[in-house]
$ cat upload.txt   # compact mmCIF, C-alpha atoms
# COMPACT_ATOMS: atom_id res chain seq x y z
CA MET A 487 0.00 0.00 0.00
CA ARG A 488 2.83 2.43 0.86
CA PHE A 489 4.58 1.61 -2.43
CA ARG A 490 1.41 2.39 -4.40
CA ARG A 491 1.01 5.76 -2.64
CA PHE A 492 4.63 6.62 -3.36
CA LYS A 493 4.22 5.64 -7.02
CA PHE A 494 1.03 7.77 -7.27
CA SER A 495 2.89 10.76 -5.80
CA LEU A 496 5.62 10.42 -8.38
CA LEU A 497 3.02 10.44 -11.15
CA LEU A 498 1.19 13.41 -9.62
CA ILE A 499 4.24 15.70 -9.63
CA PRO A 500 4.70 15.91 -13.43
CA CYS A 501 0.94 16.25 -13.93
CA LEU A 502 0.76 19.23 -11.59
CA SER A 503 3.87 20.72 -13.18
CA ALA A 504 2.36 20.45 -16.64
CA TRP A 505 -0.87 22.08 -15.44
CA PHE A 506 1.09 24.92 -13.82
CA LEU A 507 3.32 25.52 -16.83
CA SER A 508 0.34 25.72 -19.16
CA GLY A 509 -1.59 28.03 -16.83
CA CYS A 510 -2.40 31.66 -17.46
CA ASN A 511 -2.70 34.74 -15.29
CA ALA A 512 -4.37 37.94 -16.44
CA PHE A 513 -5.00 41.51 -15.37
CA ASN A 514 -7.11 44.38 -16.67
CA GLN A 515 -6.04 48.00 -17.18
CA LEU A 516 -8.64 50.74 -17.32
CA ASN A 517 -8.58 54.04 -19.19
CA VAL A 518 -11.09 56.23 -17.29
CA HIS A 519 -12.98 58.64 -19.56
CA SER A 520 -15.18 60.19 -16.85
CA GLY A 521 -15.96 59.64 -13.21
CA GLU A 522 -17.14 61.15 -9.92
CA PHE A 523 -15.86 60.09 -6.51
CA ASP A 524 -17.25 60.93 -3.07
CA VAL A 525 -14.85 62.61 -0.63
CA TYR A 526 -15.35 63.39 3.07
CA ALA A 527 -12.58 65.82 4.01
CA PRO A 528 -11.73 65.14 7.68
CA PRO A 529 -11.19 67.69 10.46
CA VAL A 530 -7.55 68.55 11.08
CA PHE A 531 -5.98 68.27 14.52
CA THR A 532 -5.58 71.69 16.15
CA GLY A 533 -3.42 70.85 19.16
CA ALA A 534 -4.24 71.05 22.86
CA GLY A 535 -5.31 74.70 22.82
CA TYR A 536 -3.79 75.42 26.23
CA ASN A 537 -0.67 74.77 28.29
CA VAL A 538 -0.91 71.18 29.50
CA LYS A 539 0.75 70.61 32.87
CA LYS A 540 4.09 68.85 32.58
CA ASP A 541 4.37 65.16 33.45
CA THR A 542 0.62 64.65 33.16
CA SER A 543 -1.88 63.06 30.78
CA VAL A 544 -5.35 64.27 29.81
CA ASN A 545 -8.29 62.71 27.99
CA ARG A 546 -10.48 64.82 25.73
CA ALA A 547 -13.80 63.81 24.16
CA SER A 548 -15.12 66.22 21.52
CA LEU A 549 -18.09 66.81 19.27
CA GLN A 550 -17.83 69.06 16.23
CA ILE A 551 -20.46 70.59 13.97
CA LYS A 552 -19.42 71.39 10.39
CA LEU A 553 -21.42 73.76 8.22
CA GLN A 554 -20.66 73.24 4.55
CA LYS A 555 -22.61 72.84 1.34
CA GLU A 556 -21.75 69.85 -0.78
CA LYS A 557 -19.47 70.76 -3.69
CA ARG A 558 -18.62 69.17 -7.00
CA LEU A 559 -14.93 69.82 -7.64
CA GLN A 560 -14.03 69.33 -11.29
CA LEU A 561 -10.44 68.06 -11.42
CA HIS A 562 -8.01 69.30 -14.04
CA ASP A 563 -4.76 67.91 -15.44
CA VAL A 564 -5.41 64.29 -14.42
CA TRP A 565 -4.09 61.90 -17.06
CA ASN A 566 -4.47 58.23 -17.89
CA LYS A 567 -1.18 56.66 -18.85
CA LYS A 568 -0.80 54.92 -22.19
CA ILE A 569 -1.86 51.26 -22.07
CA SER A 570 -0.03 49.21 -24.68
CA GLY A 571 -0.86 45.75 -25.96
CA ASP A 572 0.25 43.64 -28.87
CA ASP A 573 -2.92 44.26 -30.92
CA ARG A 574 -4.57 47.28 -29.30
CA THR A 575 -3.42 50.43 -27.48
CA LEU A 576 -5.35 52.79 -25.20
CA PRO A 577 -3.89 56.27 -25.60
CA GLU A 578 -2.56 58.65 -22.98
CA GLU A 579 -5.45 61.06 -22.40
CA LYS A 580 -7.08 63.23 -19.78
CA ALA A 581 -9.44 61.69 -17.26
CA ASN A 582 -12.57 63.81 -16.93
CA ILE A 583 -13.16 63.18 -13.23
CA ALA A 584 -14.49 65.14 -10.26
CA TYR A 585 -14.61 64.96 -6.47
CA HIS A 586 -17.99 65.17 -4.78
CA LEU A 587 -16.98 66.97 -1.57
CA LYS A 588 -19.56 65.86 0.98
CA ASN A 589 -20.22 66.94 4.54
CA PHE A 590 -21.22 64.84 7.52
CA PRO A 591 -22.51 67.52 9.91
CA VAL A 592 -21.62 66.01 13.31
CA THR A 593 -18.33 64.28 14.05
CA ALA A 594 -16.85 62.83 17.24
CA SER A 595 -13.26 62.41 18.38
CA TYR A 596 -11.17 61.25 21.33
CA ASP A 597 -7.66 62.46 22.22
CA ARG A 598 -5.17 61.18 24.76
CA LEU A 599 -2.71 64.00 25.51
CA ILE A 600 0.55 62.94 27.18
CA LYS A 601 3.09 65.58 28.17
CA SER A 602 6.63 65.35 29.52
CA GLU A 603 8.57 68.54 30.26
CA VAL A 604 7.55 70.39 27.10
CA TRP A 605 6.91 67.65 24.54
CA LEU A 606 3.30 66.67 23.95
CA ALA A 607 2.21 63.41 22.32
CA THR A 608 -1.37 62.86 21.17
CA LEU A 609 -3.00 59.57 20.25
CA GLY A 610 -6.64 59.19 19.37
CA GLY A 611 -9.34 58.60 16.83
CA GLY A 612 -12.79 59.57 15.74
CA LEU A 613 -15.77 59.15 13.43
CA ASP A 614 -16.23 61.47 10.43
CA PRO A 615 -18.41 59.64 9.41
CA PHE A 616 -16.08 56.66 9.06
CA PRO A 617 -13.45 55.72 11.68
CA TYR A 618 -9.95 57.19 11.68
CA LEU A 619 -6.86 57.05 13.89
CA LYS A 620 -4.40 59.88 14.59
CA ALA A 621 -0.96 60.36 16.10
CA TYR A 622 0.81 63.70 16.72
CA THR A 623 3.87 64.97 18.52
CA GLY A 624 4.91 68.52 19.28
CA TRP A 625 5.95 71.28 21.63
CA ASN A 626 3.59 72.68 24.27
CA SER A 627 4.76 75.61 26.44
CA ASN A 628 3.33 78.52 28.42
CA HIS A 629 2.66 80.77 25.43
CA PHE A 630 2.54 78.66 22.28
CA GLU A 631 2.50 75.16 20.81
CA PHE A 632 3.28 73.47 17.52
CA GLY A 633 3.30 69.92 16.26
CA ILE A 634 3.09 67.51 13.36
CA GLY A 635 1.40 64.19 12.74
CA PHE A 636 -0.94 62.13 10.61
CA GLN A 637 -4.41 60.61 10.43
CA LEU A 638 -5.34 57.32 8.79
CA GLY A 639 -8.96 56.57 7.93
CA PHE A 640 -10.94 53.75 6.40
CA GLY A 641 -14.41 53.97 4.88
CA ARG A 642 -16.87 52.98 2.19
CA TYR A 643 -17.31 55.58 -0.55
CA LYS A 644 -19.56 55.94 -3.58
CA TYR A 645 -18.31 56.42 -7.12
CA SER A 646 -19.40 56.40 -10.76
CA LEU A 647 -17.12 55.96 -13.77
CA GLU A 648 -16.90 55.07 -17.44
CA GLY A 649 -13.93 53.93 -19.48
CA ASP A 650 -12.34 51.36 -21.75
CA TRP A 651 -10.31 48.45 -20.48
CA LEU A 652 -7.71 46.16 -21.99
CA LYS A 653 -7.05 42.69 -20.61
CA HIS A 654 -3.52 41.26 -20.66
CA CYS A 655 -2.85 37.53 -20.40
CA HIS A 656 0.51 36.02 -19.44
CA THR A 657 1.61 32.48 -20.18
CA PHE A 658 4.98 30.86 -20.40
CA GLU A 659 4.60 31.18 -24.14
CA GLY A 660 4.37 34.98 -23.94
CA GLU A 661 2.03 37.90 -23.32
CA TYR A 662 -0.96 38.82 -25.45
CA ASP A 663 -4.21 40.81 -25.39
CA CYS A 664 -7.12 38.61 -24.42
CA GLY A 665 -9.99 41.04 -23.99
CA TYR A 666 -11.23 44.56 -24.64
CA ASP A 667 -14.47 46.25 -23.65
CA HIS A 668 -16.19 49.33 -22.20
CA LEU A 669 -16.86 49.61 -18.45
CA SER A 670 -19.74 51.68 -17.08
CA GLN A 671 -20.51 51.79 -13.35
CA LYS A 672 -23.12 54.03 -11.73
CA ASP A 673 -23.45 54.70 -7.99
CA GLN A 674 -21.17 51.89 -6.90
CA TRP A 675 -19.45 51.56 -3.51
CA ASP A 676 -15.90 50.65 -2.64
CA PHE A 677 -13.71 50.54 0.47
CA SER A 678 -10.57 52.64 0.70
CA PHE A 679 -8.03 54.00 3.14
CA THR A 680 -7.47 57.75 3.35
CA ALA A 681 -4.46 59.62 4.74
CA LEU A 682 -3.87 63.10 6.11
CA LEU A 683 -0.54 64.76 6.97
CA SER A 684 -0.85 67.93 9.02
CA THR A 685 0.83 70.38 11.34
CA TYR A 686 -0.49 72.97 13.78
CA ILE A 687 0.69 76.22 15.36
CA GLY A 688 -1.10 77.74 18.37
CA VAL A 689 -0.62 80.96 20.33
CA PHE A 690 -2.03 81.26 23.87
CA LEU A 691 -3.33 84.81 24.37
CA THR A 692 -4.40 83.93 27.91
CA LYS A 693 -4.46 80.71 29.92
CA GLU A 694 -7.87 79.97 28.44
CA LEU A 695 -7.86 81.57 24.98
CA ALA A 696 -5.83 80.25 22.03
CA LEU A 697 -5.54 81.03 18.32
CA THR A 698 -4.64 78.16 16.00
CA TYR A 699 -3.56 77.69 12.40
CA ALA A 700 -3.47 74.09 11.13
CA PRO A 701 -2.63 73.26 7.49
CA ALA A 702 -2.90 69.71 6.15
CA ILE A 703 -2.58 67.61 2.99
CA TYR A 704 -5.40 65.12 2.53
CA PHE A 705 -5.19 62.05 0.26
CA PRO A 706 -8.66 60.68 -0.59
CA TRP A 707 -8.96 57.20 -2.14
CA TRP A 708 -5.40 56.71 -0.93
CA SER A 709 -5.21 52.91 -1.14
CA THR A 710 -7.38 52.44 -4.24
CA ASP A 711 -5.68 51.51 -7.51
CA SER A 712 -8.44 49.47 -9.16
CA PHE A 713 -12.21 49.32 -9.56
CA ASP A 714 -14.06 46.06 -10.16
CA SER A 715 -10.66 44.36 -10.70
CA HIS A 716 -9.68 46.93 -13.35
CA ASP A 717 -6.40 48.72 -12.63
CA ILE A 718 -6.35 52.51 -13.09
CA THR A 719 -3.23 54.35 -14.25
CA PHE A 720 -3.75 57.81 -12.70
CA SER A 721 -3.25 58.96 -9.11
CA PHE A 722 -6.03 60.67 -7.16
CA PRO A 723 -5.10 64.33 -6.50
CA PHE A 724 -4.61 65.52 -2.93
CA ILE A 725 -6.57 68.31 -1.22
CA ILE A 726 -4.99 71.06 0.90
CA GLU A 727 -6.92 71.97 4.06
CA GLN A 728 -6.18 75.10 6.09
CA TYR A 729 -7.91 75.60 9.45
CA MET A 730 -7.91 78.95 11.25
CA GLY A 731 -9.77 79.38 14.52
CA ALA A 732 -9.89 80.03 18.26
CA SER A 733 -10.62 77.92 21.34
CA TYR A 734 -11.55 78.78 24.92
CA LEU A 735 -11.08 76.56 27.99
CA LEU A 736 -13.74 77.02 30.67
CA ASN A 737 -13.04 75.85 34.24
CA GLU A 738 -10.20 73.63 32.96
CA ARG A 739 -12.84 71.13 31.79
CA ILE A 740 -14.95 72.37 28.90
CA GLN A 741 -13.31 73.59 25.70
CA PHE A 742 -15.20 75.56 23.05
CA SER A 743 -13.86 76.12 19.54
CA LEU A 744 -14.88 78.17 16.52
CA GLY A 745 -13.08 78.36 13.19
CA ALA A 746 -13.14 77.90 9.44
CA THR A 747 -11.45 75.51 7.04
CA VAL A 748 -10.62 76.39 3.44
CA TYR A 749 -10.04 73.68 0.83
CA VAL A 750 -7.76 74.33 -2.13
CA GLY A 751 -6.04 72.10 -4.65
CA GLN A 752 -3.69 72.20 -7.59
CA ASN A 753 -6.16 70.16 -9.65
CA PHE A 754 -9.35 72.15 -9.06
CA ALA A 755 -10.27 75.81 -9.25
CA GLY A 756 -11.39 78.14 -6.47
CA LYS A 757 -11.50 77.99 -2.70
CA HIS A 758 -14.18 76.22 -0.70
CA TRP A 759 -15.00 77.14 2.90
CA GLN A 760 -16.38 75.29 5.86
CA VAL A 761 -17.39 76.68 9.27
CA ASN A 762 -16.44 74.57 12.30
CA THR A 763 -17.81 74.72 15.84
CA GLY A 764 -16.99 72.28 18.59
CA ILE A 765 -17.17 71.43 22.27
CA GLY A 766 -14.80 69.19 24.18
CA TYR A 767 -14.68 67.73 27.69
CA LEU A 768 -11.37 67.13 29.47
CA PHE A 769 -11.03 64.45 32.12

$ encode --input "upload.txt" --output "structure tokens"
Amino acid sequence: MRFRRFKFSLLLIPCLSAWFLSGCNAFNQLNVHSGEFDVYAPPVFTGAGYNVKKDTSVNRASLQIKLQKEKRLQLHDVWNKKISGDDRTLPEEKANIAYHLKNFPVTASYDRLIKSEVWLATLGGGLDPFPYLKAYTGWNSNHFEFGIGFQLGFGRYKYSLEGDWLKHCHTFEGEYDCGYDHLSQKDQWDFSFTALLSTYIGVFLTKELALTYAPAIYFPWWSTDSFDSHDITFSFPFIIEQYMGASYLLNERIQFSLGATVYVGQNFAGKHWQVNTGIGYLF
């Protein structure tokens, strides 16, 4: 019985090898003609807003209300790369795409502020409307603060697009085109990570009152490079956020904030404003 199993294994090896060598793997490349992609621009981190006592840690739970009309941002100078095949080629051409800048009116966040002598570290997260994590480090003194950090989010976003795709097949005999068609998707949903890099600068006018400026670079659809298993060849443009506002700490427990965020970008025209109000509780 053992000899028969060994003999069967010897026969199975060349059969599997022949199947593997004759196999084929394929991938699709998509030339996007037009598309619209939902974007929720997140709130930027604005620092502590006051002089945190050295060698202490503080928790802060916050709610923020954002007042902003939804905007359609037509993107310019976004290009599909040339997709070459042996029989057919999709040309290098502009992608007529737009961001649908949406607003979720109420967001929530949690911060854990940890301070040594003057250095302040912040870890936390929030919902806006999808979950995100954040990490910042900076300087926090009697009269001012500054810092730098990032936020990483994950959510489910809606999109629509149209384009042509070319399918490439690879075998051990060579590469060839094995499919070509038009793709049209309307009001579809996909998961993606987003990323935000930001810094903040705050000036403490009194022990309770602070003015803050916080610029950031936001990368929507950061981890997405394909739709419906069709690889895209362009990169999603980033958005620049700039927050300017003030905060007031009442009784060392309740923190009010009021400010505005302006959105600008190299790939879309104009400036788009959002009003921000918030309340936080320190414990």

$ atom_distance --input "upload.txt" --atom1 "atom CA of A:Tyr643" --atom2 "atom CA of A:Tyr729"
24.3 Å

$ residues_around --input "upload.txt" --residues "A:Ser721" --least-positions-apart "4" --cutoff "10 Å" --atoms "only C-alpha atoms" --output "ChimeraX atom specification"
/A:564-566,707-708,710-711

$ residues_around --input "upload.txt" --residues "A:Ala607" --least-positions-apart "3" --cutoff "12 Å" --atoms "all atoms listed in the file" --output "ChimeraX atom specification"
/A:533-534,538,540-545,597-604,610,620-626,631-635

$ residues_around --input "upload.txt" --residues "A:His668" --least-positions-apart "4" --cutoff "8 Å" --atoms "all atoms listed in the file" --output "list in words"
Glu648, Gly649, Asp650 and Trp651 of chain A

$ closest_residue --input "upload.txt" --among "A:Ala700, A:Val761, A:Leu744, A:Val525" --to "A:Lys557" --atoms "all atoms listed in the file"
A:Val525

$ atom_distance --input "upload.txt" --atom1 "atom CA of A:Thr575" --atom2 "atom CA of A:Ser520"
18.6 Å

$ closest_residue --input "upload.txt" --among "A:Val748, A:Leu652, A:Glu727, A:Ala755" --to "A:Arg574" --atoms "only C-alpha atoms"
A:Leu652

$ residues_around --input "upload.txt" --residues "A:Ala527" --least-positions-apart "4" --cutoff "9 Å" --atoms "all atoms listed in the file" --output "list of chain:residue names"
A:Leu587, A:Lys588, A:Asn589, A:Asp614, A:Tyr704, A:Pro706, A:Ile725, A:Glu727, A:Tyr749

$ closest_residue --input "upload.txt" --among "A:Ala581, A:Ile718, A:Cys664, A:Leu549" --to "A:Leu516" --atoms "all atoms listed in the file"
A:Ile718

$ closest_residue --input "upload.txt" --among "A:Arg558, A:Ala547, A:Glu522, A:Asp663" --to "A:Gly571" --atoms "all atoms listed in the file"
A:Asp663

$ closest_residue --input "upload.txt" --among "A:Gln637, A:Val530, A:Phe713, A:Thr692" --to "A:Asp676" --atoms "only C-alpha atoms"
A:Phe713

$ closest_residue --input "upload.txt" --among "A:Val689, A:Leu647, A:Leu735, A:Ala702" --to "A:Phe531" --atoms "all atoms listed in the file"
A:Ala702
